[in-house]
Structure formats: C-alpha cells, structure tokens
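Trainee: Supplied structure: structure.txt, compact mmCIF, C-alpha atoms and all ligand atoms.
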# COMPACT_ATOMS: atom_id res chain seq x y z
CA MET A 22 -32.30 -94.66 12.16
CA THR A 23 -34.01 -94.15 15.50
CA MET A 24 -33.77 -96.74 18.26
CA SER A 25 -37.37 -97.91 17.72
CA SER A 26 -37.21 -98.06 13.93
CA ARG A 27 -33.98 -99.95 14.27
CA ARG A 28 -35.67 -102.45 16.55
CA GLN A 29 -38.54 -102.87 14.06
CA PHE A 30 -36.06 -103.35 11.26
CA LEU A 31 -34.22 -105.95 13.27
CA GLN A 32 -37.42 -107.71 14.27
CA SER A 33 -38.30 -108.09 10.61
CA SER A 34 -34.95 -109.72 9.96
CA LEU A 35 -34.90 -113.45 9.71
CA LEU A 36 -34.17 -115.02 13.07
CA ALA A 37 -33.08 -118.61 13.00
CA THR A 38 -32.08 -120.76 15.94
CA GLY A 39 -28.76 -122.53 16.16
CA ALA A 40 -25.52 -122.12 14.29
CA LEU A 41 -25.60 -121.97 10.56
CA ALA A 42 -24.43 -125.17 8.93
CA LEU A 43 -23.43 -124.73 5.32
CA PRO A 44 -22.09 -127.46 3.08
CA ARG A 45 -18.35 -127.79 3.50
CA THR A 46 -17.16 -127.51 -0.06
CA MET A 47 -13.79 -126.76 -1.47
CA VAL A 48 -12.58 -123.45 -2.75
CA ALA A 49 -12.17 -124.09 -6.45
CA GLY A 50 -9.45 -121.86 -7.80
CA ASN A 51 -10.48 -118.33 -6.99
CA THR A 52 -14.15 -119.10 -6.72
CA ILE A 53 -15.86 -120.18 -3.53
CA ALA A 54 -17.88 -123.13 -4.74
CA ASN A 55 -20.74 -123.06 -2.24
CA GLY A 56 -23.32 -120.68 -0.80
CA ALA A 57 -20.53 -118.21 -0.12
CA ALA A 58 -19.77 -117.63 -3.80
CA GLY A 59 -19.07 -113.93 -4.14
CA GLY A 60 -18.10 -113.71 -0.50
CA ARG A 61 -19.72 -113.68 2.89
CA VAL A 62 -19.63 -111.38 5.88
CA VAL A 63 -20.65 -112.18 9.46
CA SER A 64 -20.82 -109.86 12.45
CA THR A 65 -21.61 -110.06 16.13
CA TRP A 66 -24.90 -108.91 17.66
CA ASP A 67 -27.96 -107.28 16.11
CA PHE A 68 -26.00 -104.20 15.08
CA GLY A 69 -24.04 -106.63 12.92
CA VAL A 70 -26.88 -106.31 10.40
CA GLY A 71 -25.94 -102.70 9.74
CA ALA A 72 -22.22 -103.46 9.74
CA ASN A 73 -22.75 -106.25 7.19
CA ALA A 74 -24.85 -103.96 5.03
CA ALA A 75 -21.95 -101.50 4.98
CA ALA A 76 -19.41 -104.24 4.24
CA TRP A 77 -21.36 -106.11 1.58
CA PRO A 78 -21.05 -103.58 -1.30
CA VAL A 79 -17.27 -103.94 -1.04
CA LEU A 80 -17.51 -107.71 -1.46
CA ALA A 81 -20.20 -107.45 -4.13
CA ARG A 82 -17.91 -105.41 -6.38
CA GLY A 83 -15.10 -107.94 -5.94
CA GLY A 84 -13.27 -105.97 -3.24
CA SER A 85 -11.13 -107.44 -0.51
CA ALA A 86 -12.28 -108.94 2.76
CA LEU A 87 -9.96 -106.44 4.46
CA ASP A 88 -11.73 -103.43 2.92
CA ALA A 89 -15.10 -105.02 3.68
CA VAL A 90 -14.47 -105.52 7.40
CA GLU A 91 -13.07 -102.02 7.77
CA ALA A 92 -16.20 -100.58 6.09
CA GLY A 93 -18.44 -102.61 8.40
CA ALA A 94 -16.53 -101.62 11.53
CA ARG A 95 -16.59 -97.94 10.56
CA TRP A 96 -20.36 -98.14 10.22
CA ALA A 97 -20.66 -99.49 13.76
CA GLU A 98 -18.27 -96.86 15.12
CA ALA A 99 -20.46 -94.09 13.72
CA ASP A 100 -23.78 -95.71 14.75
CA LEU A 101 -25.58 -93.25 16.96
CA CYS A 102 -27.68 -95.98 18.62
CA ASN A 103 -24.80 -97.99 20.01
CA SER A 104 -23.61 -97.52 23.59
CA THR A 105 -20.90 -100.16 23.27
CA VAL A 106 -18.96 -99.25 20.13
CA GLY A 107 -17.35 -96.06 18.89
CA HIS A 108 -18.84 -92.61 18.98
CA CYS A 109 -21.70 -93.29 21.41
CA GLY A 110 -19.90 -95.74 23.66
CA TYR A 111 -20.16 -95.54 27.43
CA PRO A 112 -17.12 -94.21 29.28
CA ASP A 113 -14.90 -95.64 31.99
CA ARG A 114 -15.45 -94.95 35.69
CA ASP A 115 -13.74 -91.56 35.37
CA GLY A 116 -16.18 -90.53 32.65
CA VAL A 117 -13.59 -90.90 29.88
CA LEU A 118 -14.49 -92.71 26.66
CA THR A 119 -11.62 -94.92 25.49
CA LEU A 120 -11.87 -97.11 22.40
CA ASP A 121 -10.19 -100.38 21.38
CA ALA A 122 -9.97 -101.78 17.84
CA SER A 123 -8.06 -104.22 15.69
CA ILE A 124 -7.92 -105.44 12.13
CA MET A 125 -6.29 -108.54 10.71
CA ASP A 126 -5.72 -109.79 7.20
CA GLY A 127 -5.70 -113.54 6.61
CA ASP A 128 -2.13 -113.22 5.35
CA GLY A 129 -0.99 -112.42 8.90
CA ARG A 130 -0.75 -108.63 8.75
CA CYS A 131 -2.48 -106.93 11.65
CA GLY A 132 -2.78 -103.67 13.55
CA ALA A 133 -4.54 -102.45 16.67
CA VAL A 134 -5.14 -99.52 19.00
CA GLY A 135 -6.02 -99.67 22.68
CA ALA A 136 -7.54 -97.05 24.96
CA ILE A 137 -7.51 -94.38 22.27
CA GLU A 138 -9.47 -91.18 23.00
CA ASP A 139 -11.27 -88.64 20.81
CA ILE A 140 -10.79 -90.42 17.50
CA GLU A 141 -13.99 -91.53 15.80
CA HIS A 142 -12.69 -94.44 13.73
CA PRO A 143 -10.18 -96.50 15.72
CA VAL A 144 -10.46 -99.39 13.24
CA SER A 145 -8.98 -97.19 10.53
CA VAL A 146 -6.20 -96.10 12.90
CA ALA A 147 -5.58 -99.83 13.54
CA ARG A 148 -5.29 -100.33 9.79
CA ALA A 149 -2.84 -97.43 9.56
CA VAL A 150 -0.77 -99.03 12.36
CA MET A 151 -0.73 -102.22 10.27
CA GLU A 152 0.15 -100.55 7.00
CA LYS A 153 2.32 -97.60 8.00
CA THR A 154 4.32 -98.72 11.03
CA PRO A 155 6.57 -101.63 11.93
CA HIS A 156 4.32 -102.25 14.98
CA VAL A 157 1.08 -104.06 15.77
CA LEU A 158 -0.39 -102.24 18.77
CA LEU A 159 -0.35 -98.57 19.83
CA VAL A 160 -2.14 -97.42 22.98
CA ALA A 161 -3.54 -94.31 24.67
CA ASP A 162 -1.75 -90.99 23.98
CA GLY A 163 0.71 -92.59 21.58
CA ALA A 164 -2.12 -94.08 19.54
CA GLN A 165 -3.88 -90.72 19.44
CA GLN A 166 -0.69 -88.86 18.42
CA PHE A 167 -0.14 -91.37 15.65
CA ALA A 168 -3.76 -91.00 14.49
CA VAL A 169 -3.45 -87.22 14.32
CA SER A 170 -0.16 -87.53 12.43
CA GLN A 171 -2.04 -89.63 9.87
CA GLY A 172 -4.72 -86.99 9.39
CA PHE A 173 -7.42 -88.33 11.71
CA GLU A 174 -9.44 -85.55 13.30
CA LYS A 175 -9.34 -85.26 17.09
CA LYS A 176 -12.75 -84.42 18.52
CA PRO A 177 -14.65 -85.03 21.76
CA LEU A 178 -16.88 -88.08 21.36
CA LEU A 179 -18.71 -88.55 24.67
CA THR A 180 -22.43 -88.02 24.05
CA ASP A 181 -24.92 -86.45 26.44
CA ASP A 182 -26.65 -89.83 26.80
CA ALA A 183 -23.39 -91.53 27.71
CA ARG A 184 -22.56 -88.80 30.23
CA LYS A 185 -26.05 -89.15 31.72
CA ALA A 186 -25.65 -92.92 32.01
CA TRP A 187 -22.28 -92.47 33.70
CA ARG A 188 -23.75 -90.01 36.25
CA GLU A 189 -26.47 -92.56 36.94
CA TRP A 190 -23.87 -95.29 37.39
CA LEU A 191 -21.89 -93.11 39.81
CA LYS A 192 -24.79 -93.39 42.27
CA THR A 193 -23.84 -97.00 42.98
CA SER A 194 -20.40 -97.22 41.33
CA GLU A 195 -20.73 -100.99 41.16
CA TYR A 196 -18.78 -102.73 38.41
CA ARG A 197 -21.13 -105.55 37.52
CA PRO A 198 -21.34 -106.13 33.74
CA LYS A 199 -24.88 -106.90 32.63
CA MET A 200 -25.67 -109.85 30.44
CA ASN A 201 -27.80 -109.47 27.29
CA VAL A 202 -30.03 -106.66 28.51
CA GLU A 203 -32.63 -105.21 26.17
CA ARG A 204 -31.65 -102.04 24.31
CA THR A 205 -34.39 -99.80 25.66
CA GLY A 206 -32.71 -96.50 24.93
CA THR A 207 -32.98 -95.43 28.58
CA PRO A 208 -29.62 -94.13 29.84
CA GLY A 209 -28.11 -96.66 32.18
CA ASP A 210 -30.36 -99.37 30.80
CA ALA A 211 -28.43 -99.97 27.59
CA HIS A 212 -25.86 -102.67 27.07
CA ASP A 213 -22.73 -101.88 29.03
CA HIS A 214 -20.57 -104.06 26.79
CA ASP A 215 -20.82 -105.65 23.32
CA THR A 216 -18.22 -105.61 20.63
CA LEU A 217 -18.62 -105.47 16.91
CA GLY A 218 -16.55 -108.37 15.64
CA ILE A 219 -16.77 -108.74 11.86
CA LEU A 220 -15.31 -111.51 9.70
CA SER A 221 -15.30 -111.81 5.96
CA LEU A 222 -14.39 -114.20 3.19
CA ASP A 223 -14.07 -112.47 -0.17
CA ALA A 224 -14.68 -113.77 -3.68
CA HIS A 225 -10.96 -114.47 -4.03
CA GLY A 226 -11.02 -116.88 -1.08
CA LYS A 227 -9.21 -114.50 1.29
CA LEU A 228 -10.21 -113.85 4.89
CA ALA A 229 -10.05 -110.81 7.15
CA GLY A 230 -11.53 -109.63 10.42
CA ALA A 231 -11.96 -106.50 12.52
CA CYS A 232 -13.07 -105.79 16.03
CA THR A 233 -14.12 -102.47 17.54
CA THR A 234 -15.51 -101.52 20.93
CA SER A 235 -15.69 -99.01 23.74
CA GLY A 236 -14.96 -102.00 25.98
CA MET A 237 -16.55 -102.58 29.33
CA ALA A 238 -18.52 -99.54 30.53
CA TRP A 239 -17.28 -98.26 33.91
CA LYS A 240 -13.94 -100.06 33.52
CA LEU A 241 -10.84 -98.74 35.28
CA HIS A 242 -9.23 -95.91 33.33
CA GLY A 243 -6.51 -97.45 31.18
CA ARG A 244 -8.12 -100.88 30.99
CA VAL A 245 -7.69 -102.54 27.59
CA GLY A 246 -9.87 -105.49 26.66
CA ASP A 247 -9.46 -108.37 24.26
CA SER A 248 -10.60 -106.56 21.13
CA PRO A 249 -7.22 -105.01 20.22
CA ILE A 250 -5.26 -108.05 21.38
CA ILE A 251 -4.53 -110.14 18.31
CA GLY A 252 -5.31 -113.75 19.16
CA ALA A 253 -7.72 -112.82 21.96
CA GLY A 254 -10.52 -110.78 20.35
CA LEU A 255 -9.58 -111.46 16.75
CA TYR A 256 -7.57 -113.83 14.61
CA ALA A 257 -7.51 -114.62 10.90
CA ASP A 258 -5.49 -117.08 8.86
CA ASN A 259 -6.19 -117.68 5.16
CA GLU A 260 -5.08 -121.29 5.54
CA VAL A 261 -7.80 -122.06 8.09
CA GLY A 262 -10.40 -119.45 9.00
CA ALA A 263 -11.06 -116.47 11.22
CA ALA A 264 -12.59 -115.91 14.65
CA THR A 265 -13.71 -113.03 16.81
CA ALA A 266 -15.11 -112.63 20.29
CA SER A 267 -17.50 -110.57 22.36
CA GLY A 268 -18.18 -110.54 26.07
CA VAL A 269 -15.97 -109.94 29.08
CA GLY A 270 -12.60 -109.60 27.42
CA GLU A 271 -10.45 -110.72 30.33
CA GLU A 272 -11.68 -114.29 29.65
CA MET A 273 -10.65 -114.07 26.00
CA ILE A 274 -7.21 -112.77 26.91
CA ARG A 275 -6.70 -115.53 29.53
CA ASN A 276 -7.46 -118.16 26.91
CA ALA A 277 -5.94 -116.58 23.76
CA ALA A 278 -9.42 -117.42 22.62
CA SER A 279 -9.73 -116.33 19.00
CA PHE A 280 -6.39 -117.94 18.21
CA LEU A 281 -7.63 -121.04 20.01
CA VAL A 282 -10.78 -121.17 17.86
CA VAL A 283 -8.72 -120.89 14.67
CA GLU A 284 -6.28 -123.54 15.84
CA LEU A 285 -9.15 -125.90 16.69
CA MET A 286 -10.47 -125.40 13.15
CA ARG A 287 -6.97 -126.15 11.87
CA GLU A 288 -7.18 -129.48 13.69
CA GLY A 289 -10.42 -130.29 11.88
CA ARG A 290 -13.22 -128.92 14.07
CA SER A 291 -16.08 -127.16 12.31
CA PRO A 292 -16.48 -123.47 13.21
CA THR A 293 -19.32 -124.33 15.62
CA GLU A 294 -17.35 -127.14 17.27
CA ALA A 295 -14.29 -124.91 17.61
CA CYS A 296 -16.31 -122.10 19.20
CA ARG A 297 -17.99 -124.54 21.59
CA GLU A 298 -14.68 -126.07 22.65
CA ALA A 299 -13.22 -122.61 23.29
CA ILE A 300 -16.25 -121.78 25.45
CA GLU A 301 -15.71 -125.04 27.35
CA ARG A 302 -12.13 -123.96 27.99
CA VAL A 303 -13.40 -120.72 29.54
CA VAL A 304 -15.73 -122.71 31.81
CA HIS A 305 -13.03 -125.20 32.72
CA LYS A 306 -10.60 -122.45 33.77
CA ARG A 307 -13.06 -120.42 35.85
CA PRO A 308 -16.26 -122.39 36.44
CA ALA A 309 -17.74 -120.08 39.06
CA ALA A 310 -17.01 -116.87 37.16
CA SER A 311 -18.36 -118.35 33.94
CA LYS A 312 -21.86 -118.46 35.47
CA THR A 313 -22.02 -114.70 35.87
CA LEU A 314 -20.52 -113.31 32.71
CA GLN A 315 -21.03 -113.59 28.98
CA VAL A 316 -18.48 -114.84 26.47
CA CYS A 317 -19.30 -115.35 22.78
CA PHE A 318 -17.32 -116.58 19.79
CA LEU A 319 -18.03 -116.27 16.09
CA ALA A 320 -15.98 -118.05 13.41
CA ILE A 321 -15.82 -118.61 9.67
CA ASP A 322 -13.65 -121.17 7.94
CA LYS A 323 -11.87 -120.78 4.63
CA HIS A 324 -14.78 -122.48 2.84
CA GLY A 325 -17.28 -119.96 4.17
CA GLU A 326 -18.87 -122.20 6.81
CA VAL A 327 -19.94 -120.13 9.81
CA GLY A 328 -20.42 -121.10 13.45
CA ALA A 329 -20.81 -119.50 16.85
CA TYR A 330 -21.20 -120.41 20.50
CA ALA A 331 -21.75 -118.52 23.74
CA LEU A 332 -21.58 -119.14 27.45
CA HIS A 333 -25.13 -117.89 28.01
CA PRO A 334 -28.19 -117.51 25.79
CA GLY A 335 -28.76 -114.21 24.01
CA PHE A 336 -25.84 -114.02 21.61
CA VAL A 337 -26.94 -113.35 18.04
CA TYR A 338 -24.89 -112.75 14.96
CA ALA A 339 -25.71 -111.41 11.52
CA MET A 340 -24.79 -112.89 8.17
CA HIS A 341 -24.87 -111.48 4.67
CA ASP A 342 -23.94 -113.12 1.37
CA ALA A 343 -25.13 -113.40 -2.21
CA THR A 344 -27.56 -116.27 -1.75
CA PRO A 345 -31.09 -115.38 -2.86
CA GLY A 346 -33.63 -114.54 -0.19
CA PRO A 347 -33.50 -112.25 2.83
CA HIS A 348 -30.03 -110.85 3.18
CA ASP A 349 -30.11 -109.75 6.76
CA LYS A 350 -30.08 -112.96 8.67
CA LEU A 351 -29.82 -112.80 12.45
CA ILE A 352 -28.88 -116.13 13.91
CA ALA A 353 -29.04 -117.09 17.59
CA ALA A 354 -25.98 -118.94 18.81
CA ALA A 355 -26.30 -121.98 21.03
CA SER A 356 -24.89 -121.65 24.53
CA ILE A 357 -23.41 -123.83 27.25
CA TYR A 358 -25.80 -122.58 29.92
CA GLY A 359 -29.47 -122.52 28.96
CA GLY A 360 -29.56 -123.69 25.34
CA ASN A 361 -30.91 -121.34 22.69
CA VAL A 362 -32.92 -118.28 23.56
CA VAL A 363 -33.70 -115.70 20.90
CA ARG A 364 -34.43 -112.29 22.29
C1 LIG B 1 -14.11 -105.98 26.11
N1 LIG B 1 -14.90 -107.76 24.73
O1 LIG B 1 -13.61 -104.88 26.09
C2 LIG B 1 -15.05 -106.37 25.00
C3 LIG B 1 -16.44 -105.97 25.38
C4 LIG B 1 -17.49 -106.80 24.74
O2 LIG B 1 -19.48 -107.89 24.83
O3 LIG B 1 -17.43 -107.29 23.70
N2 LIG B 1 -18.53 -107.10 25.33
O4 LIG B 1 -13.89 -106.78 27.02
Could you rewrite the structure in this file as structure tokens?

Mentor:
Amino acid sequence: MTMSSRRQFLQSSLLATGALALPRTMVAGNTIANGAAGGRVVSTWDFGVGANAAAWPVLARGGSALDAVEAGARWAEADLCNSTVGHCGYPDRDGVLTLDASIMDGDGRCGAVGAIEDIEHPVSVARAVMEKTPHVLLVADGAQQFAVSQGFEKKPLLTDDARKAWREWLKTSEYRPKMNVERTGTPGDAHDHDTLGILSLDAHGKLAGACTTSGMAWKLHGRVGDSPIIGAGLYADNEVGAATASGVGEEMIRNAASFLVVELMREGRSPTEACREAIERVVHKRPAASKTLQVCFLAIDKHGEVGAYALHPGFVYAMHDATPGPHDKLIAAASIYGGNVVR
C-alpha cells in the first residue's frame, strides 16, 4: 500500500476519542464473556491497524495470543511505509540500522533482542531466544549470530529513503526527537521514533505481547531502548493483564513502566487508570523533561478491557476483535498535557 492510500485507509477507519471502556466481566471458563469473546488485539499507533489485521486471523481460528502478536509484529517489521519499525527504519547517527524487539507470553516466558543488524524479523528472533535458549536477551553481534544459526537470513536492510533522511539529518546532527509529526513521506519529515507494541487476549483467556522498533532515529550507535527490556517496553501476566509502551524509551526504562502498569492493574486500577498513573510517575520523576518528549502506554486486562494514556496528545492505538461493525478502530488516547487531540 502506498503512503497516500494508507493514509486514506486510515482516515476511513473509525476514530473515537478517549480510552475504550468495555464492561468488566469475568472470564467464564475458557470463554471471554464480554465484547472480547473470541479474542482481542490492540496495537500502538495508526500502523497498528495493519498489525492487528495480520494478527486477527490467528485469533479468529482459535490460535494463541503469542502467535497472534508475533504475526502482527512481523507485519509491521515488513511494512515498507514505516520509518520507525523494522525494514524501513531510520538508522543511528553512524548510518547503521539497529533493531530492538521483544515478545512475552502471559505465562512468564519471554525473549528479546537488542541492537540487532541486518535481520528482517527481530520479533521472531526474540521468540527463538525465548524458546530455544536459557536466556532472555541477546544483543548486537551475538543476537545476529544466533539468528543466523537459527536459519534467519542476513541481508542489508537500510533503504534509500532512510539513507537520504540520515544524510539530511547529518546537516544539523541535532538529536531532538520529534513529537507526533505527520507522516508526509518526505525523507527527514517522517516520524523519528514510534514503536509497534501489540497486546492480545486469545479465546482461551491467555495474554501475550510483542514490541518491535528501530528505536530512536539518530541515536548513539549501540543504544538500546525500552522495547527489548522486559518490564520497560513490554510486560504480560495472565493473572492480571499486559502493557506496552511507545515514546522515548529511556523514560520507560527509568520507571520499569510496563511492569508498573501491570502491577497497578493487579492492585485494582483499570487499564486506563494504570496507564495514567504510570504517566504521572514519569512526570513526577522528570517534570521538565516530560514537557518535551512523548511517552505512551497501552494496556489490556485479563477480561479484555483496554486503556491507554500519553504524556502529550497525538497517541492513537488500534483495536480489533469479533464485535460486529467496523473492525479497524483507531482510538485517541487521553494525555496529561493538552487533553485529547486526534490527528
Ligand atoms: C525507543 N520506545 O527505542 C522506542 C521508540 C519509540 O515512540 O517507541 N518511540 O525508545
């Protein structure tokens, strides 16, 4: 899909304001007895619509949340319109594209890769780390060697557009992450950071999540963000719920933020309340910095209730389930600064 047809497609999606409040009902046996019957998948940002569409068939045929989130993340990694995830991501300040990804099952199993180069599907390498090694996180050359040993193809990923944007950036060489800029398709004018965080509840009442990103464009070579750090960019616990994050990852790492969101839900907060409280923690720790950068959380509880919150307006997430009506819902999250703005 071209950039403009993608925009039209997204514009025709249902945009609603505020977090989605679904009835909090109990999971009856193996069936989710509310609007999430058959499962539900939620993903960060507008490209979450495509990720959800790739994940949904897995849930619809009774597959696992884990398989669903991997399918959704792989779609985003291969998306040729996305300058912030996977194949078309923007590089670091040395012109090197390094990717971060993680995956977590609600039963506690998890795997991740950080700063991996030349491998198209880091989320699947993360899953292999989880399933085939005694470890959780592999980074850089070691992660790549492991990927190749598992049959992943090594190939150069940096696109001409990304290289062009990097050359443009070199003219100023200023590291100043942009907040919620429009995706115009002009090199240098695209988002310089946005992660695909995807969470799913399957028809069996099990949760899983995945996170995949090229991280912050123009970062220092070797920088790893929150996305592959379990508890920072992603956390899932079948007993409670799951959470993921997008935005400037250093804030998520400082606050163990996705773990915090899940723990707040464990204490009884709704997903929206938990995300809001985690955002407040970010503000409390670094009030001045919080005015200039974006942080966003997305959460789902074990009943399928979904919530989100951001520091600044502009954060949208996508939701897909079996309820009748339009399936590609884009929902604008509320924010601490500036209320709700749908772009
Ligand atoms: C990172 N959290 O590497 C990622 C980037 C991102 O919205 O999601 N930006 O810090």

Trainee: Give me, as CSV, each residue of chain A that comes within 6 Å of ligand LIG 1 (chain B), together with its shortest interatomic pair and the distance in Å at one decimal, counting all atoms listed in the file, with rows ordered by chain and rising residue number.

Mentor:
residue,atom,partner,partner_atom,distance
A:His214,CA,B:LIG1,N2,3.9
A:Asp215,CA,B:LIG1,O2,3.0
A:Thr216,CA,B:LIG1,O3,3.6
A:Gly236,CA,B:LIG1,O1,3.2
A:Met237,CA,B:LIG1,O1,4.9
A:Gly246,CA,B:LIG1,O1,3.8
A:Asp247,CA,B:LIG1,O4,5.5
A:Ser248,CA,B:LIG1,N1,5.7
A:Ser267,CA,B:LIG1,O3,3.5
A:Gly268,CA,B:LIG1,O2,3.2
A:Val269,CA,B:LIG1,O4,4.3
A:Gly270,CA,B:LIG1,O4,3.1

Trainee: Quote the spacing between CA of Lys227 in chain A and CA of Asp128 in chain A in Å to one decimal place.

Mentor: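 Those two atoms sit 8.3 Å apart.
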
Trainee: Please enclose the listed atoms of range 304-316 of chain A in an axis-aligned box, pad each side by 5 Å, and write out the centre and the three edge lengths in Å, rounded to one decimal, as JSON.

Mentor:
{"center_x": -16.3, "center_y": -119.3, "center_z": 32.8, "size_x": 21.4, "size_y": 21.9, "size_z": 22.6}

Trainee: To one decimal place in Å, what is the distance between CA of Asp67 in chain A and CA of Ala355 in chain A?

Mentor: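 Going from CA of Asp67 in chain A over to CA of Ala355 in chain A covers 15.6 Å.
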
Trainee: Pick out the closest residue to Asp342 in chain A from this set: A:Thr234, A:Val327, A:Val117, A:Val157. Count only C-alpha atoms.

Mentor: A:Val327

Trainee: Using only C-alpha atoms, which of A:Gly325, A:Gly226, A:Gly60, A:Gly129 sits nearest Ala89 in chain A?

Mentor: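 Going through A:Gly325, A:Gly226, A:Gly60, A:Gly129 one by one, the smallest distance to Ala89 in chain A is for A:Gly60.
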
Trainee: How would you write as a list in words the residues that get within 6 Å of (-24.7, -119.2, 30.9) in the file's frame, counting all atoms listed in the file?

Mentor: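 Taken together, the residues in range are Lys312, Leu332, His333 and Tyr358 of chain A.
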
Trainee: Work out how far apart CA of Pro78 in chain A and CA of Leu178 in chain A are and give it in Å to one decimal.

Mentor: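 Value for the CA of Pro78 in chain A-CA of Leu178 in chain A distance: 27.8 Å.
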
Trainee: Report as a PyMOL selection string all protein, DNA and RNA residues lying within 8 Å of His142 in chain A, evaluated on only C-alpha atoms, omitting residues in the same chain fewer than 4 positions from it.

Mentor: chain A and resi 95+98-99+107+146

Trainee: From the list A:Thr193, A:Ser235, A:Ser170, A:Ser123, which residue is nearest His108 in chain A when using all atoms listed in the file?

Mentor: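 Nearest to His108 in chain A: A:Ser235.
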
Trainee: Quick one: of A:Glu326, A:Asp258, A:Asp349, A:Glu189, who's nearest to Asp126 in chain A, counting all atoms listed in the file?

Mentor: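 Smallest separation from Asp126 in chain A among the options: A:Asp258.
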
Trainee: Counting all atoms listed in the file, which of A:Leu158, A:Ala263, A:Leu228, A:Ala277 gets nearest to Ala320 in chain A?

Mentor: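 Among the listed residues, A:Ala263 lies closest to Ala320 in chain A.
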
Trainee: Just checking: using only C-alpha atoms, which residue out of A:Ala299, A:Ala75, A:Leu179, A:Val90 ends up closest to Thr119 in chain A?

Mentor: A:Leu179

Trainee: Compile the contact shell of Phe318 in chain A as a list in words: residues with an atom at most 6 Å away, counting all atoms listed in the file, same-chain residues fewer than 4 positions apart removed.

Mentor: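 Non-adjacent residues within range: Thr265, Ala266, Cys296, Ala329 and Tyr330 of chain A.
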
Trainee: Mind writing the picked residues with C-alpha atoms as a PDB file, keeping the file's coordinate frame?

Mentor:
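Output below, filename selection10.pdb:
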ATOM      1  CA  THR A 265     -13.710-113.030  16.810  1.00  0.00           C
ATOM      2  CA  ALA A 266     -15.110-112.630  20.290  1.00  0.00           C
ATOM      3  CA  CYS A 296     -16.310-122.100  19.200  1.00  0.00           C
ATOM      4  CA  ALA A 329     -20.810-119.500  16.850  1.00  0.00           C
ATOM      5  CA  TYR A 330     -21.200-120.410  20.500  1.00  0.00           C
TER       6      TYR A 330
END
